[in-house]
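I have placed the structure first, in the form of C-alpha cells, so that the comments after it can refer back to it.
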Amino acid sequence: MITTREFICAAAWHMLEQPSLRARFLIAPEEERYEMLHEILRVEPIVANLYRQATADIALESNGQRVTIPQGSKINVHIHSSNSDQKVVGEQPLAICPGREIKGTNIPGMLMSFGDGTHRCPGAYIAIQETDIFLQRLLAIDSLHMVRKPSVSWNEMIAAYELRYLTVAI
Ligand code: HEM
C-alpha cells in the first residue's frame, strides 16, 4: 500500500535523525516497538483529511457548545489537528513521545491516523507489522546512516504527503 510505503519512510527518517529513538527501537520488545510506531504515525499521519457527507442531522457538544451538523453537509475531518488535540495527548502534542498518556476511552495510540468507525483501515495491523519487520532489520545495520533527507510533496488524490529520495549509505 502506498500509505505504508510513505509511513516506512517517515518512521525511518525520524529514527535516522534521532539516535536515541533508533537505539530504543532496536532493543525494545514488540509491544513497545508498536507503541513507538503508533506514536510516530500519530505525529505524521499519512492521510491528512477524511471526507464524509452527513446522512442525517448530527448533534454534537464541543467545548461546552452544542452544534448541529445539518443533513447533507460535507464534513472534512482534519487528521493533523485531531491527532494533536492537547486535551487528549497532553503537552507538546507535536513531539514524538512514545508512552505518552492518551486521555479518553477507546482512543488508540495513533489516534485518527487509521480513520475510525466502519471504514477504519482494515490493514492497520499489517501496516505496523510490515514497518516493524523492515525497520528492525534495516536500522540494525550499525553503520547505516542518512546521506540525503527525503523531499516532501503532496498527493492530492489521497490527501497525503509523499516522501521521495531518502538516501542511506553504510
Ligand atoms: C501506515 C499505513 C496505512 C495508513 C496510514 C492507512 C490509513 C487509512 C485510513 C485513514 C483509512 C480510512 C479511509 C476513510 O475513512 O475514508 C484507510 C482505509 C483503508 N485501508 Fe488503510 N492505511 C494504511 C495501510 C493499509 C494497508 C497495509 C492495507 C491493506 C493491506 C490497507 C487497506 C485499507 C482499505 C481496504 C481501506 C478502506 C476501508 C473501508 O473503506 O471500509 N491500508 N486506511
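In the C-alpha cells, chains take letters A, B, ... by order of appearance, with residues numbered from 1 within each chain and ligands from 1 in the order shown.
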Can you pull out the residues contacting Ser82 in chain A? Cut-off 10 Å, using only C-alpha atoms, and skip same-chain residues under 3 positions away; I want them as an mmCIF file with all heavy atoms, in the first residue's frame.
data_model
loop_
_atom_site.group_PDB
_atom_site.id
_atom_site.type_symbol
_atom_site.label_atom_id
_atom_site.label_comp_id
_atom_site.auth_asym_id
_atom_site.auth_seq_id
_atom_site.Cartn_x
_atom_site.Cartn_y
_atom_site.Cartn_z
ATOM 1 N N ARG A 42 1.000 8.940 14.756
ATOM 2 C CA ARG A 42 0.107 9.995 15.283
ATOM 3 C C ARG A 42 0.619 11.369 14.847
ATOM 4 O O ARG A 42 -0.143 12.219 14.383
ATOM 5 C CB ARG A 42 0.055 9.926 16.824
ATOM 6 C CG ARG A 42 -0.837 10.999 17.448
ATOM 7 C CD ARG A 42 -0.712 11.049 18.955
ATOM 8 N NE ARG A 42 0.591 11.529 19.410
ATOM 9 C CZ ARG A 42 0.976 12.808 19.435
ATOM 10 N NH1 ARG A 42 0.147 13.750 19.021
ATOM 11 N NH2 ARG A 42 2.186 13.149 19.848
ATOM 12 N N VAL A 77 -12.668 16.055 7.979
ATOM 13 C CA VAL A 77 -12.012 15.752 9.265
ATOM 14 C C VAL A 77 -10.512 15.990 9.104
ATOM 15 O O VAL A 77 -9.858 15.325 8.298
ATOM 16 C CB VAL A 77 -12.277 14.285 9.687
ATOM 17 C CG1 VAL A 77 -11.643 14.009 11.049
ATOM 18 C CG2 VAL A 77 -13.769 13.975 9.705
ATOM 19 N N HIS A 78 -9.982 16.957 9.852
ATOM 20 C CA HIS A 78 -8.550 17.281 9.787
ATOM 21 C C HIS A 78 -7.793 16.353 10.729
ATOM 22 O O HIS A 78 -7.872 16.507 11.947
ATOM 23 C CB HIS A 78 -8.319 18.737 10.207
ATOM 24 C CG HIS A 78 -8.835 19.718 9.207
ATOM 25 N ND1 HIS A 78 -8.011 20.570 8.520
ATOM 26 C CD2 HIS A 78 -10.083 19.963 8.766
ATOM 27 C CE1 HIS A 78 -8.737 21.305 7.690
ATOM 28 N NE2 HIS A 78 -9.993 20.956 7.830
ATOM 29 N N ILE A 79 -7.066 15.419 10.159
ATOM 30 C CA ILE A 79 -6.407 14.413 11.000
ATOM 31 C C ILE A 79 -5.266 15.028 11.814
ATOM 32 O O ILE A 79 -5.090 14.704 12.987
ATOM 33 C CB ILE A 79 -5.889 13.233 10.137
ATOM 34 C CG1 ILE A 79 -7.025 12.667 9.278
ATOM 35 C CG2 ILE A 79 -5.292 12.142 11.019
ATOM 36 C CD1 ILE A 79 -8.199 12.132 10.022
ATOM 37 N N ASP A 85 -4.609 17.146 19.483
ATOM 38 C CA ASP A 85 -5.501 17.767 20.472
ATOM 39 C C ASP A 85 -4.895 17.587 21.872
ATOM 40 O O ASP A 85 -4.829 16.471 22.392
ATOM 41 C CB ASP A 85 -6.875 17.095 20.380
ATOM 42 C CG ASP A 85 -7.895 17.722 21.315
ATOM 43 O OD1 ASP A 85 -7.495 18.494 22.210
ATOM 44 O OD2 ASP A 85 -9.088 17.424 21.159
ATOM 45 N N GLN A 86 -4.478 18.709 22.469
ATOM 46 C CA GLN A 86 -3.789 18.638 23.772
ATOM 47 C C GLN A 86 -4.662 18.054 24.875
ATOM 48 O O GLN A 86 -4.150 17.514 25.846
ATOM 49 C CB GLN A 86 -3.313 20.028 24.194
ATOM 50 C CG GLN A 86 -2.164 20.520 23.351
ATOM 51 C CD GLN A 86 -1.313 21.557 24.081
ATOM 52 O OE1 GLN A 86 -1.096 21.466 25.279
ATOM 53 N NE2 GLN A 86 -0.831 22.539 23.349
ATOM 54 N N VAL A 88 -6.344 15.520 24.650
ATOM 55 C CA VAL A 88 -6.235 14.055 24.555
ATOM 56 C C VAL A 88 -4.785 13.596 24.721
ATOM 57 O O VAL A 88 -4.501 12.650 25.450
ATOM 58 C CB VAL A 88 -6.786 13.564 23.192
ATOM 59 C CG1 VAL A 88 -6.650 12.046 23.065
ATOM 60 C CG2 VAL A 88 -8.236 13.983 23.016
ATOM 61 N N VAL A 89 -3.855 14.298 24.067
ATOM 62 C CA VAL A 89 -2.469 13.788 24.038
ATOM 63 C C VAL A 89 -1.536 14.520 24.997
ATOM 64 O O VAL A 89 -0.375 14.135 25.141
ATOM 65 C CB VAL A 89 -1.872 13.813 22.607
ATOM 66 C CG1 VAL A 89 -2.711 12.972 21.670
ATOM 67 C CG2 VAL A 89 -1.705 15.225 22.072
ATOM 68 N N LEU A 111 -4.275 7.670 17.357
ATOM 69 C CA LEU A 111 -5.497 8.474 17.247
ATOM 70 C C LEU A 111 -6.226 8.236 15.922
ATOM 71 O O LEU A 111 -6.662 7.128 15.656
ATOM 72 C CB LEU A 111 -5.192 9.959 17.507
ATOM 73 C CG LEU A 111 -5.353 10.334 19.006
ATOM 74 C CD1 LEU A 111 -4.167 9.810 19.815
ATOM 75 C CD2 LEU A 111 -5.506 11.821 19.215
ATOM 76 N N MET A 112 -6.341 9.223 15.053
ATOM 77 C CA MET A 112 -7.180 9.090 13.851
ATOM 78 C C MET A 112 -6.410 8.675 12.595
ATOM 79 O O MET A 112 -6.948 8.710 11.492
ATOM 80 C CB MET A 112 -7.885 10.429 13.581
ATOM 81 C CG MET A 112 -9.049 10.714 14.509
ATOM 82 S SD MET A 112 -10.431 9.588 14.221
ATOM 83 C CE MET A 112 -10.973 10.160 12.600
ATOM 84 N N SER A 113 -5.124 8.301 12.751
ATOM 85 C CA SER A 113 -4.304 8.055 11.549
ATOM 86 C C SER A 113 -4.786 6.881 10.699
ATOM 87 O O SER A 113 -4.458 6.806 9.510
ATOM 88 C CB SER A 113 -2.847 7.821 11.935
ATOM 89 O OG SER A 113 -2.340 8.986 12.520
#
(request) Please identify the residues whose atoms come within 6 Å of ligand 1, using only C-alpha atoms and all ligand atoms, and report them as a list in words. (result) Met1, Thr3, Thr4, Phe7, Ile46, Val47, Leu50, Ser113, Phe114, Gly115, His119, Arg120, Cys121, Pro122, Gly123, Ala124, Ile126 and Ala127 of chain A
I'd like the neighbourhood of range 37-39 of chain A as a tab-separated table (two decimals) with all heavy atoms, in the first residue's frame, where a residue qualifies if any of its atoms comes within 10 Å (using only C-alpha atoms), though same-chain residues fewer than 2 positions away should be ignored.
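Saved result, around14.tsv, follows:
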chain	number	residue	atom	x	y	z
A	7	PHE	N	4.76	5.68	5.20
A	7	PHE	CA	4.97	5.58	6.65
A	7	PHE	C	6.34	5.00	6.97
A	7	PHE	O	7.04	5.49	7.87
A	7	PHE	CB	3.86	4.77	7.32
A	7	PHE	CG	4.08	4.62	8.80
A	7	PHE	CD1	4.26	5.73	9.60
A	7	PHE	CD2	4.16	3.36	9.38
A	7	PHE	CE1	4.51	5.61	10.97
A	7	PHE	CE2	4.40	3.24	10.74
A	7	PHE	CZ	4.58	4.36	11.53
A	8	ILE	N	6.74	3.97	6.24
A	8	ILE	CA	8.06	3.36	6.48
A	8	ILE	C	9.14	4.43	6.31
A	8	ILE	O	10.07	4.55	7.10
A	8	ILE	CB	8.29	2.16	5.53
A	8	ILE	CG1	7.40	0.99	5.96
A	8	ILE	CG2	9.76	1.75	5.50
A	8	ILE	CD1	7.42	-0.21	5.03
A	11	ALA	N	8.96	6.98	9.29
A	11	ALA	CA	9.47	6.39	10.54
A	11	ALA	C	10.99	6.25	10.46
A	11	ALA	O	11.71	6.56	11.42
A	11	ALA	CB	8.79	5.05	10.80
A	25	PHE	N	14.36	1.53	19.75
A	25	PHE	CA	13.56	0.69	18.85
A	25	PHE	C	14.24	-0.67	18.64
A	25	PHE	O	13.58	-1.70	18.55
A	25	PHE	CB	13.38	1.42	17.51
A	25	PHE	CG	12.50	0.69	16.53
A	25	PHE	CD1	11.12	0.63	16.71
A	25	PHE	CD2	13.04	0.07	15.41
A	25	PHE	CE1	10.31	-0.05	15.80
A	25	PHE	CE2	12.24	-0.60	14.50
A	25	PHE	CZ	10.87	-0.66	14.70
A	32	GLU	N	6.36	-2.58	22.77
A	32	GLU	CA	6.88	-1.21	22.86
A	32	GLU	C	7.23	-0.67	21.47
A	32	GLU	O	7.00	0.50	21.17
A	32	GLU	CB	8.11	-1.18	23.77
A	32	GLU	CG	8.58	0.24	24.04
A	32	GLU	CD	9.82	0.30	24.90
A	32	GLU	OE1	10.11	-0.67	25.64
A	32	GLU	OE2	10.51	1.34	24.83
A	33	ARG	N	7.77	-1.53	20.60
A	33	ARG	CA	8.08	-1.07	19.23
A	33	ARG	C	6.81	-0.61	18.53
A	33	ARG	O	6.79	0.42	17.84
A	33	ARG	CB	8.76	-2.18	18.43
A	33	ARG	CG	10.12	-2.59	18.94
A	33	ARG	CD	10.90	-3.35	17.87
A	33	ARG	NE	10.18	-4.46	17.28
A	33	ARG	CZ	10.18	-5.72	17.75
A	33	ARG	NH1	10.84	-6.01	18.85
A	33	ARG	NH2	9.50	-6.67	17.12
A	34	TYR	N	5.73	-1.38	18.69
A	34	TYR	CA	4.47	-0.99	18.05
A	34	TYR	C	3.97	0.34	18.62
A	34	TYR	O	3.47	1.19	17.89
A	34	TYR	CB	3.41	-2.08	18.27
A	34	TYR	CG	3.57	-3.30	17.38
A	34	TYR	CD1	4.75	-3.56	16.69
A	34	TYR	CD2	2.53	-4.21	17.22
A	34	TYR	CE1	4.90	-4.67	15.88
A	34	TYR	CE2	2.67	-5.34	16.40
A	34	TYR	CZ	3.85	-5.57	15.74
A	34	TYR	OH	3.99	-6.67	14.94
A	35	GLU	N	4.15	0.52	19.94
A	35	GLU	CA	3.74	1.77	20.58
A	35	GLU	C	4.54	2.94	19.98
A	35	GLU	O	4.00	4.02	19.71
A	35	GLU	CB	4.00	1.66	22.07
A	35	GLU	CG	3.40	2.75	22.90
A	35	GLU	CD	3.62	2.49	24.39
A	35	GLU	OE1	4.79	2.53	24.84
A	35	GLU	OE2	2.65	2.26	25.10
A	41	LEU	N	3.25	7.59	13.89
A	41	LEU	CA	2.12	7.73	12.96
A	41	LEU	C	1.11	8.78	13.44
A	41	LEU	O	0.47	9.45	12.63
A	41	LEU	CB	1.43	6.37	12.77
A	41	LEU	CG	0.32	6.31	11.72
A	41	LEU	CD1	0.81	6.72	10.34
A	41	LEU	CD2	-0.30	4.92	11.65
A	42	ARG	N	1.00	8.94	14.76
A	42	ARG	CA	0.11	9.99	15.28
A	42	ARG	C	0.62	11.37	14.85
A	42	ARG	O	-0.14	12.22	14.38
A	42	ARG	CB	0.06	9.93	16.82
A	42	ARG	CG	-0.84	11.00	17.45
A	42	ARG	CD	-0.71	11.05	18.95
A	42	ARG	NE	0.59	11.53	19.41
A	42	ARG	CZ	0.98	12.81	19.44
A	42	ARG	NH1	0.15	13.75	19.02
A	42	ARG	NH2	2.19	13.15	19.85
A	43	VAL	N	1.95	11.56	14.98
A	43	VAL	CA	2.53	12.87	14.67
A	43	VAL	C	2.63	13.08	13.15
A	43	VAL	O	2.53	14.21	12.67
A	43	VAL	CB	3.93	12.99	15.33
A	43	VAL	CG1	4.63	14.28	14.93
A	43	VAL	CG2	3.81	12.93	16.85
A	44	GLU	N	2.80	12.00	12.41
A	44	GLU	CA	2.97	12.08	10.95
A	44	GLU	C	1.87	11.29	10.23
A	44	GLU	O	2.17	10.34	9.50
A	44	GLU	CB	4.33	11.48	10.54
A	44	GLU	CG	5.54	12.03	11.25
A	44	GLU	CD	5.95	13.40	10.74
A	44	GLU	OE1	5.19	14.02	9.98
A	44	GLU	OE2	7.04	13.85	11.12
A	45	PRO	N	0.59	11.63	10.45
A	45	PRO	CA	-0.45	10.84	9.78
A	45	PRO	C	-0.25	10.93	8.26
A	45	PRO	O	0.03	12.01	7.74
A	45	PRO	CB	-1.75	11.52	10.21
A	45	PRO	CG	-1.35	12.91	10.58
A	45	PRO	CD	0.05	12.81	11.12
A	83	ASN	N	-5.22	14.70	15.80
A	83	ASN	CA	-4.14	13.93	16.44
A	83	ASN	C	-3.30	14.74	17.41
A	83	ASN	O	-2.55	14.17	18.19
A	83	ASN	CB	-3.21	13.36	15.36
A	83	ASN	CG	-3.80	12.16	14.66
A	83	ASN	OD1	-4.95	11.82	14.88
A	83	ASN	ND2	-3.03	11.51	13.81
A	95	ALA	N	5.50	16.57	19.53
A	95	ALA	CA	6.75	15.85	19.84
A	95	ALA	C	6.48	14.35	19.83
A	95	ALA	O	5.41	13.90	20.26
A	95	ALA	CB	7.28	16.28	21.20
A	96	ILE	N	7.45	13.58	19.34
A	96	ILE	CA	7.32	12.12	19.38
A	96	ILE	C	7.72	11.65	20.76
A	96	ILE	O	8.87	11.80	21.17
A	96	ILE	CB	8.16	11.47	18.27
A	96	ILE	CG1	7.53	11.83	16.93
A	96	ILE	CG2	8.23	9.95	18.45
A	96	ILE	CD1	8.28	11.36	15.74
A	97	CYS	N	6.75	11.15	21.48
A	97	CYS	CA	6.97	10.79	22.88
A	97	CYS	C	6.27	9.45	23.16
A	97	CYS	O	5.16	9.42	23.68
A	97	CYS	CB	6.42	11.92	23.75
A	97	CYS	SG	6.64	11.64	25.48
A	98	PRO	N	6.92	8.33	22.77
A	98	PRO	CA	6.28	7.03	22.97
A	98	PRO	C	5.96	6.82	24.45
A	98	PRO	O	6.74	7.22	25.31
A	98	PRO	CB	7.35	6.03	22.51
A	98	PRO	CG	8.26	6.81	21.64
A	98	PRO	CD	8.26	8.20	22.18
A	99	GLY	N	4.81	6.24	24.73
A	99	GLY	CA	4.42	6.00	26.11
A	99	GLY	C	3.62	7.16	26.70
A	99	GLY	O	3.26	7.12	27.87
A	100	ARG	N	3.34	8.21	25.90
A	100	ARG	CA	2.58	9.34	26.45
A	100	ARG	C	1.18	8.85	26.82
A	100	ARG	O	0.65	7.92	26.21
A	100	ARG	CB	2.52	10.52	25.49
A	100	ARG	CG	1.72	10.29	24.24
A	100	ARG	CD	1.36	11.59	23.52
A	100	ARG	NE	2.47	12.29	22.91
A	100	ARG	CZ	2.79	13.56	23.19
A	100	ARG	NH1	2.09	14.25	24.04
A	100	ARG	NH2	3.81	14.14	22.58
A	108	PRO	N	-7.07	4.91	20.35
A	108	PRO	CA	-5.80	4.21	20.13
A	108	PRO	C	-4.63	5.19	20.06
A	108	PRO	O	-4.81	6.39	19.84
A	108	PRO	CB	-6.02	3.53	18.77
A	108	PRO	CG	-7.04	4.37	18.08
A	108	PRO	CD	-7.91	4.98	19.16
A	109	GLY	N	-3.41	4.66	20.25
A	109	GLY	CA	-2.22	5.50	20.32
A	109	GLY	C	-1.96	6.33	19.08
A	109	GLY	O	-1.39	7.42	19.17
A	110	MET	N	-2.40	5.86	17.92
A	110	MET	CA	-2.16	6.64	16.70
A	110	MET	C	-3.34	7.58	16.41
A	110	MET	O	-3.42	8.21	15.36
A	110	MET	CB	-1.85	5.74	15.50
A	110	MET	CG	-3.00	5.05	14.81
A	110	MET	SD	-4.01	3.99	15.85
A	110	MET	CE	-2.94	2.61	16.15
A	111	LEU	N	-4.28	7.67	17.36
A	111	LEU	CA	-5.50	8.47	17.25
A	111	LEU	C	-6.23	8.24	15.92
A	111	LEU	O	-6.66	7.13	15.66
A	111	LEU	CB	-5.19	9.96	17.51
A	111	LEU	CG	-5.35	10.33	19.01
A	111	LEU	CD1	-4.17	9.81	19.82
A	111	LEU	CD2	-5.51	11.82	19.21
A	113	SER	N	-5.12	8.30	12.75
A	113	SER	CA	-4.30	8.06	11.55
A	113	SER	C	-4.79	6.88	10.70
A	113	SER	O	-4.46	6.81	9.51
A	113	SER	CB	-2.85	7.82	11.93
A	113	SER	OG	-2.34	8.99	12.52
A	128	ILE	N	1.61	-1.87	10.45
A	128	ILE	CA	2.54	-1.71	11.58
A	128	ILE	C	3.53	-2.88	11.61
A	128	ILE	O	4.74	-2.68	11.79
A	128	ILE	CB	1.76	-1.59	12.91
A	128	ILE	CG1	0.91	-0.31	12.92
A	128	ILE	CG2	2.72	-1.61	14.11
A	128	ILE	CD1	1.67	1.00	12.82
A	129	GLN	N	3.02	-4.09	11.38
A	129	GLN	CA	3.91	-5.25	11.43
A	129	GLN	C	4.95	-5.20	10.32
A	129	GLN	O	6.13	-5.47	10.52
A	129	GLN	CB	3.08	-6.54	11.33
A	129	GLN	CG	3.92	-7.78	11.57
A	129	GLN	CD	3.10	-9.05	11.46
A	129	GLN	OE1	2.23	-9.16	10.62
A	129	GLN	NE2	3.40	-10.01	12.31
A	131	THR	N	6.08	-2.55	8.75
A	131	THR	CA	7.05	-1.49	9.05
A	131	THR	C	8.05	-1.97	10.10
A	131	THR	O	9.26	-1.76	9.98
A	131	THR	CB	6.31	-0.23	9.57
A	131	THR	OG1	5.33	0.14	8.61
A	131	THR	CG2	7.26	0.93	9.80
A	132	ASP	N	7.53	-2.62	11.12
A	132	ASP	CA	8.38	-3.11	12.20
A	132	ASP	C	9.41	-4.11	11.68
A	132	ASP	O	10.61	-3.99	11.96
A	132	ASP	CB	7.49	-3.76	13.27
A	132	ASP	CG	8.30	-4.29	14.44
A	132	ASP	OD1	9.08	-3.51	15.00
A	132	ASP	OD2	8.16	-5.48	14.78
(message) as a ChimeraX atom specification, please: the residues near range 142-153 of chain A (cut-off 12 Å, only C-alpha atoms, same-chain neighbours under 2 positions excluded).
(response) /A:6,9-19,22-23,26,46,135-140,155-156,159-170
For the residues in that selection, give me N, CA, C and O atoms as a CSV table (one decimal), in the first residue's frame.
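To be explicit, this is the file written out as result-v9.csv:
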chain,number,residue,atom,x,y,z
A,6,GLU,N,4.9,5.3,2.5
A,6,GLU,CA,5.2,6.6,3.0
A,6,GLU,C,5.5,6.5,4.5
A,6,GLU,O,6.4,7.2,5.0
A,9,CYS,N,9.0,5.3,5.3
A,9,CYS,CA,10.0,6.3,5.0
A,9,CYS,C,10.0,7.4,6.1
A,9,CYS,O,11.0,7.8,6.6
A,10,ALA,N,8.8,7.7,6.6
A,10,ALA,CA,8.7,8.8,7.7
A,10,ALA,C,9.3,8.2,9.0
A,10,ALA,O,10.0,8.9,9.7
A,11,ALA,N,9.0,7.0,9.3
A,11,ALA,CA,9.5,6.4,10.5
A,11,ALA,C,11.0,6.3,10.5
A,11,ALA,O,11.7,6.6,11.4
A,12,ALA,N,11.5,5.8,9.3
A,12,ALA,CA,12.9,5.7,9.1
A,12,ALA,C,13.6,7.0,9.3
A,12,ALA,O,14.7,7.1,9.9
A,13,TRP,N,13.0,8.0,8.7
A,13,TRP,CA,13.6,9.4,8.7
A,13,TRP,C,13.8,9.9,10.2
A,13,TRP,O,14.8,10.3,10.6
A,14,HIS,N,12.7,9.7,11.0
A,14,HIS,CA,12.7,10.1,12.4
A,14,HIS,C,13.8,9.3,13.1
A,14,HIS,O,14.6,9.9,13.9
A,15,MET,N,13.9,8.0,12.9
A,15,MET,CA,14.8,7.2,13.6
A,15,MET,C,16.3,7.4,13.2
A,15,MET,O,17.2,7.4,14.0
A,16,LEU,N,16.5,7.7,11.9
A,16,LEU,CA,17.8,8.0,11.4
A,16,LEU,C,18.3,9.4,12.0
A,16,LEU,O,19.5,9.6,12.1
A,17,GLU,N,17.4,10.3,12.3
A,17,GLU,CA,17.8,11.6,12.8
A,17,GLU,C,17.8,11.6,14.3
A,17,GLU,O,18.4,12.6,14.9
A,18,GLN,N,17.2,10.6,15.0
A,18,GLN,CA,17.2,10.6,16.4
A,18,GLN,C,17.8,9.3,16.9
A,18,GLN,O,17.1,8.3,17.1
A,19,PRO,N,19.1,9.3,17.2
A,19,PRO,CA,19.8,8.1,17.6
A,19,PRO,C,19.2,7.4,18.8
A,19,PRO,O,19.1,6.2,18.9
A,22,ARG,N,16.2,5.4,17.7
A,22,ARG,CA,16.6,4.2,16.9
A,22,ARG,C,17.2,3.2,17.9
A,22,ARG,O,16.8,2.0,17.7
A,23,ALA,N,18.0,3.6,18.8
A,23,ALA,CA,18.6,2.6,19.8
A,23,ALA,C,17.5,1.9,20.6
A,23,ALA,O,17.5,0.7,20.8
A,26,LEU,N,15.6,-0.7,18.6
A,26,LEU,CA,16.3,-1.9,18.3
A,26,LEU,C,16.3,-2.9,19.5
A,26,LEU,O,16.5,-4.1,19.3
A,46,ILE,N,-0.3,9.8,7.6
A,46,ILE,CA,-0.1,9.9,6.1
A,46,ILE,C,-1.3,10.6,5.5
A,46,ILE,O,-1.1,11.6,4.7
A,135,LEU,N,12.0,-2.2,9.4
A,135,LEU,CA,12.9,-1.3,10.1
A,135,LEU,C,13.8,-2.0,11.1
A,135,LEU,O,14.9,-1.5,11.3
A,136,GLN,N,13.3,-3.0,11.7
A,136,GLN,CA,14.1,-3.8,12.7
A,136,GLN,C,15.4,-4.3,11.9
A,136,GLN,O,16.5,-4.2,12.5
A,137,ARG,N,15.3,-4.8,10.7
A,137,ARG,CA,16.4,-5.3,10.0
A,137,ARG,C,17.3,-4.1,9.4
A,137,ARG,O,18.5,-4.2,9.5
A,138,LEU,N,16.6,-3.1,8.9
A,138,LEU,CA,17.4,-2.0,8.3
A,138,LEU,C,18.2,-1.3,9.3
A,138,LEU,O,19.4,-1.1,9.1
A,139,LEU,N,17.5,-0.9,10.4
A,139,LEU,CA,18.2,0.0,11.4
A,139,LEU,C,19.2,-0.7,12.2
A,139,LEU,O,20.1,-0.1,12.9
A,140,ALA,N,19.2,-2.1,12.2
A,140,ALA,CA,20.2,-2.9,12.9
A,140,ALA,C,21.5,-2.8,12.2
A,140,ALA,O,22.5,-3.2,12.8
A,155,ASN,N,0.2,14.4,-2.4
A,155,ASN,CA,-0.6,13.7,-3.3
A,155,ASN,C,-2.1,14.1,-3.1
A,155,ASN,O,-2.7,13.7,-2.0
A,156,GLU,N,-2.6,14.9,-4.0
A,156,GLU,CA,-4.0,15.5,-3.8
A,156,GLU,C,-5.0,14.4,-3.7
A,156,GLU,O,-6.0,14.5,-3.0
A,159,ALA,N,-5.0,12.9,-0.4
A,159,ALA,CA,-4.7,14.0,0.7
A,159,ALA,C,-3.6,13.5,1.6
A,159,ALA,O,-3.7,13.5,2.8
A,160,ALA,N,-2.5,13.2,1.0
A,160,ALA,CA,-1.4,12.6,1.8
A,160,ALA,C,0.0,13.1,1.3
A,160,ALA,O,0.2,13.4,0.1
A,161,TYR,N,1.0,13.2,2.2
A,161,TYR,CA,2.3,13.6,1.8
A,161,TYR,C,3.0,12.4,1.1
A,161,TYR,O,2.7,11.2,1.3
A,162,GLU,N,4.0,12.8,0.4
A,162,GLU,CA,4.8,11.7,-0.3
A,162,GLU,C,6.3,12.1,0.0
A,162,GLU,O,6.7,13.2,-0.1
A,163,LEU,N,7.1,11.1,0.3
A,163,LEU,CA,8.5,11.3,0.6
A,163,LEU,C,9.3,10.6,-0.4
A,163,LEU,O,9.0,9.4,-0.7
A,164,ARG,N,10.2,11.3,-1.0
A,164,ARG,CA,11.0,10.7,-2.1
A,164,ARG,C,12.5,10.9,-1.9
A,164,ARG,O,12.9,12.0,-1.4
A,165,TYR,N,13.3,10.0,-2.4
A,165,TYR,CA,14.8,10.1,-2.4
A,165,TYR,C,15.5,10.2,-1.1
A,165,TYR,O,16.6,10.7,-1.0
A,166,LEU,N,14.8,9.6,-0.1
A,166,LEU,CA,15.6,9.4,1.2
A,166,LEU,C,16.7,8.4,0.8
A,166,LEU,O,16.5,7.3,0.3
A,167,THR,N,18.0,8.8,1.0
A,167,THR,CA,19.1,8.0,0.6
A,167,THR,C,19.9,7.6,1.8
A,167,THR,O,20.3,8.5,2.7
A,168,VAL,N,20.2,6.3,1.9
A,168,VAL,CA,21.0,5.9,3.0
A,168,VAL,C,22.3,5.3,2.5
A,168,VAL,O,22.4,4.9,1.3
A,169,ALA,N,23.3,5.2,3.4
A,169,ALA,CA,24.6,4.5,3.0
A,169,ALA,C,25.1,3.7,4.2
A,169,ALA,O,24.7,4.0,5.3
A,170,ILE,N,26.0,2.8,3.9
A,170,ILE,CA,26.7,2.1,5.0
A,170,ILE,C,28.2,2.2,5.0
A,170,ILE,O,28.7,2.7,4.0
(request) Could you give me the residues within range 2-123 of chain A that DSSP places in strand (DSSP E), as a list in words? (result)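 These are the residues in question: Asn49, Leu50, Tyr51, Arg52, Gln53, Ile58, Ala59, Leu60, Glu61, Ser62, Gln65, Arg66, Val67, Thr68, Ile69, Lys74, Ile75, Asn76, Val77 and His78 of chain A.
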(request) Could you please determine the separation between CA of Ile40 in chain A and CA of Ile158 in chain A in Å, to one decimal place? (result)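 Value for the CA of Ile40 in chain A-CA of Ile158 in chain A distance: 19.6 Å.
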(request) Between CA of Gly90 in chain A and CA of Ile102 in chain A, measure the distance and give it in Å to one decimal. (result) 7.5 Å
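Taking CA of Leu21 in chain A and CA of Ile141 in chain A as the two end points, the separation is 15.0 Å.
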(request) Tell me which protein, DNA and RNA residues are within 8 Å of Ala59 in chain A, counting only C-alpha atoms, leaving out same-chain ones fewer than 2 positions away, and put them as a ChimeraX atom specification. (result) /A:57,61,66-69
With N, CA, C and O atoms kept, could you save the residues just selected as a PDB file, in the first residue's frame?
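Resulting contents of selection28.pdb:
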ATOM      1  N   ASP A  57     -29.073  14.752  10.426  1.00  0.00           N
ATOM      2  CA  ASP A  57     -28.562  15.812  11.323  1.00  0.00           C
ATOM      3  C   ASP A  57     -27.704  15.162  12.410  1.00  0.00           C
ATOM      4  O   ASP A  57     -28.084  14.120  12.958  1.00  0.00           O
ATOM      5  N   GLU A  61     -21.627  18.057  21.030  1.00  0.00           N
ATOM      6  CA  GLU A  61     -21.280  19.063  22.030  1.00  0.00           C
ATOM      7  C   GLU A  61     -19.773  19.225  21.988  1.00  0.00           C
ATOM      8  O   GLU A  61     -19.033  18.236  22.027  1.00  0.00           O
ATOM      9  N   ARG A  66     -23.288  23.462  21.956  1.00  0.00           N
ATOM     10  CA  ARG A  66     -23.998  22.464  21.173  1.00  0.00           C
ATOM     11  C   ARG A  66     -23.983  22.881  19.703  1.00  0.00           C
ATOM     12  O   ARG A  66     -24.219  24.039  19.385  1.00  0.00           O
ATOM     13  N   VAL A  67     -23.670  21.933  18.868  1.00  0.00           N
ATOM     14  CA  VAL A  67     -23.586  22.224  17.426  1.00  0.00           C
ATOM     15  C   VAL A  67     -24.378  21.145  16.695  1.00  0.00           C
ATOM     16  O   VAL A  67     -24.333  19.984  17.084  1.00  0.00           O
ATOM     17  N   THR A  68     -25.120  21.552  15.658  1.00  0.00           N
ATOM     18  CA  THR A  68     -25.788  20.542  14.833  1.00  0.00           C
ATOM     19  C   THR A  68     -25.249  20.638  13.407  1.00  0.00           C
ATOM     20  O   THR A  68     -25.299  21.707  12.782  1.00  0.00           O
ATOM     21  N   ILE A  69     -24.722  19.531  12.920  1.00  0.00           N
ATOM     22  CA  ILE A  69     -24.275  19.479  11.521  1.00  0.00           C
ATOM     23  C   ILE A  69     -25.490  19.028  10.709  1.00  0.00           C
ATOM     24  O   ILE A  69     -25.999  17.927  10.909  1.00  0.00           O
TER      25      ILE A  69
END
